[in-house]
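*Asks:* Okay, handing you the structure first.
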Amino acid sequence: MADGQSLSCDWSGRELCWPVSVRRFQDALCTCVSVSGTGERTATSSSDGRLCLAAKGESSSGDCWGAHEAEIWSCSFDHWQADLLLSGADDCALKGWDIRSPSHGPTFVNRKTHKAGVCTIQSSPHRQHLLATGSYDEHVRLWDLRSMQQPVMTAEVSTGGGVWRLRWHPSDPQLLGCACMHNGAAVLRMDDDQQSLHVQCHFGEDEQLVYGFDWSHAQPHQTGSTSSSFAATCSFYDQRLRLWKLPRSA
């Protein structure tokens, strides 16, 4: 699509399943929104360190609590444990919360591993207990959540740029896409035992601050290709959305 060309979408006949209630923070920004896998709850985070929960159909947010000492950049429900909410912030902390009793404090806190703010958190939809985090310190890390009191980091890799967004591939459980800010985007590959992680390919290095990454969820017969994956990236300063065809063996 050429610069400046608009893209029109026909949403006629589409039905809104249910409205998402997002907390309005006074004198603070809403930094992230996460919807639980069951669709029954939403979580929102703020630039002043608060987390808020809302149930499906609620017109206003429910529980709110001070969760971090700095801006929260990411909050995300665990894909397998509906009551587990994860958060990461500019205080370098990764925390887990039991949303049935968040006022009791976090179920775990890790402040020592990330050397800068925790920007993105993604629970694997393919493998239970597997979590990926990305940080301003330019590293992606894998975690095993089976030890809930102290999750175990199993692998890490440098991407050459601050990691603002992570997305697991919809069908290949070993691929992880990431937006690496000033170093474009990257596809990472994990080994079978989750003990190592490496950069499979880099692309889009000429983009200006890549903040967004996501995979196409179309099935191979819909895309006409069985050997490629399709991904999209978006960048900040040049306001571009780009579509990429990536060989899975790249």
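By convention here, the chains of the structure tokens are called A, B, ... in the order presented, each chain's residues are numbered starting at 1, and ligands are numbered starting at 1 in the order presented.
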Run DSSP on the backbone of this structure and report the residues of stretch 161-214 of chain A it assigns to strand (DSSP E), as JSON, numbers by chain.
*Replies:* {"A": [165, 166, 167, 168, 175, 176, 177, 178, 179, 185, 186, 187, 188, 189, 190, 197, 198, 199, 200, 201, 202, 203, 210, 211, 212, 213, 214]}
*Asks:* Excluding A:Ser46 and any residue of its chain fewer than 5 positions from it, enumerate the residues within 8 Å of it, using only C-alpha atoms, and give them as a ChimeraX atom specification.
*Replies:* /A:25,28-32,51,71-73
*Asks:* As an exercise, work out the distance from atom CA of A:Val187 to atom CA of A:Arg240 in Å and give it to one decimal place.
*Replies:*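 So the two atoms, atom CA of A:Val187 and atom CA of A:Arg240, lie 19.3 Å apart.
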*Asks:* Could you list, as a PyMOL selection string, every residue within 8 Å of stretch 139-152 of chain A, counting only C-alpha atoms and ignoring same-chain residues fewer than 6 positions away?
*Replies:* chain A and resi 107-110+129-133+158-163+194
*Asks:* Just the residues within 9 Å of stretch 198-215 of chain A, please, counting only C-alpha atoms, with nothing from its chain fewer than 4 positions along; format it as an NGL selection string.
*Replies:* :A and (156-159 or 163-170 or 175 or 177-191 or 229-242 or 249-250)
*Asks:* Any idea what's packed within 6 Å of A:Arg50, counting only C-alpha atoms, ignoring anything in its chain fewer than 5 positions away? Could you give it as a CSV table (one decimal) with C-alpha atoms, in the first residue's frame?
*Replies:*
chain,number,residue,atom,x,y,z
A,45,SER,CA,-2.3,-1.4,33.6
A,65,TRP,CA,-4.3,-2.1,43.3
A,66,GLY,CA,-0.8,-0.6,43.3
A,67,ALA,CA,1.3,-3.3,41.7
*Asks:* Counting only C-alpha atoms, which of A:Asp172, A:Thr38, A:Ala43, A:Ala155 gets nearest to A:Asp193?
*Replies:*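 The shortest atom-to-atom distance to A:Asp193 comes from A:Ala155.
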*Asks:* Quick one: pull the distance between atom CA of A:Leu94 and atom CA of A:Asp192, Å, one decimal.
*Replies:*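 Taking atom CA of A:Leu94 as the start and atom CA of A:Asp192 as the end point, the length is 24.8 Å.
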*Asks:* Could you pull out the helix (DSSP H, G or I) residues of stretch 47-229 of chain A, going by DSSP on the backbone, and write them as an MDAnalysis selection string?
*Replies:* chainID A and resid 102:104 220:223
*Asks:* I want to know what sits within 8 Å of A:Gly88, based on only C-alpha atoms, with residues of the same chain fewer than 3 positions away left out; could you give that as a PyMOL selection string?
*Replies:* chain A and resi 72-75+92-95+117-121
*Asks:* Could those selected residues go to a file with N, CA and C atoms, as a PDB file, in the first residue's frame?
*Replies:*
ATOM      1  N   ILE A  72       3.922   0.474  34.398  1.00  0.00           N
ATOM      2  CA  ILE A  72       3.725  -0.921  33.989  1.00  0.00           C
ATOM      3  C   ILE A  72       3.614  -0.936  32.471  1.00  0.00           C
ATOM      4  N   TRP A  73       4.513  -1.646  31.810  1.00  0.00           N
ATOM      5  CA  TRP A  73       4.489  -1.705  30.348  1.00  0.00           C
ATOM      6  C   TRP A  73       3.681  -2.878  29.828  1.00  0.00           C
ATOM      7  N   SER A  74       3.498  -3.916  30.630  1.00  0.00           N
ATOM      8  CA  SER A  74       2.815  -5.100  30.121  1.00  0.00           C
ATOM      9  C   SER A  74       2.053  -5.809  31.231  1.00  0.00           C
ATOM     10  N   CYS A  75       0.831  -6.240  30.914  1.00  0.00           N
ATOM     11  CA  CYS A  75       0.092  -7.158  31.777  1.00  0.00           C
ATOM     12  C   CYS A  75      -0.522  -8.213  30.865  1.00  0.00           C
ATOM     13  N   CYS A  92      11.967  -2.952  36.483  1.00  0.00           N
ATOM     14  CA  CYS A  92      12.704  -4.184  36.165  1.00  0.00           C
ATOM     15  C   CYS A  92      12.085  -5.421  36.799  1.00  0.00           C
ATOM     16  N   ALA A  93      10.874  -5.317  37.343  1.00  0.00           N
ATOM     17  CA  ALA A  93      10.262  -6.440  38.048  1.00  0.00           C
ATOM     18  C   ALA A  93       9.265  -7.183  37.168  1.00  0.00           C
ATOM     19  N   LEU A  94       9.307  -8.497  37.272  1.00  0.00           N
ATOM     20  CA  LEU A  94       8.297  -9.392  36.706  1.00  0.00           C
ATOM     21  C   LEU A  94       7.522  -9.972  37.880  1.00  0.00           C
ATOM     22  N   LYS A  95       6.184  -9.827  37.848  1.00  0.00           N
ATOM     23  CA  LYS A  95       5.372 -10.282  38.968  1.00  0.00           C
ATOM     24  C   LYS A  95       4.213 -11.156  38.489  1.00  0.00           C
ATOM     25  N   GLY A 117      13.585  -2.161  32.064  1.00  0.00           N
ATOM     26  CA  GLY A 117      12.150  -2.364  32.149  1.00  0.00           C
ATOM     27  C   GLY A 117      11.657  -3.587  31.392  1.00  0.00           C
ATOM     28  N   VAL A 118      10.647  -4.260  31.967  1.00  0.00           N
ATOM     29  CA  VAL A 118      10.014  -5.427  31.326  1.00  0.00           C
ATOM     30  C   VAL A 118       8.878  -4.916  30.453  1.00  0.00           C
ATOM     31  N   CYS A 119       9.033  -5.066  29.134  1.00  0.00           N
ATOM     32  CA  CYS A 119       8.125  -4.427  28.179  1.00  0.00           C
ATOM     33  C   CYS A 119       7.004  -5.328  27.690  1.00  0.00           C
ATOM     34  N   THR A 120       7.236  -6.634  27.636  1.00  0.00           N
ATOM     35  CA  THR A 120       6.247  -7.531  27.029  1.00  0.00           C
ATOM     36  C   THR A 120       6.325  -8.906  27.669  1.00  0.00           C
ATOM     37  N   ILE A 121       5.163  -9.539  27.835  1.00  0.00           N
ATOM     38  CA  ILE A 121       5.038 -10.852  28.470  1.00  0.00           C
ATOM     39  C   ILE A 121       4.085 -11.692  27.634  1.00  0.00           C
TER      40      ILE A 121
END
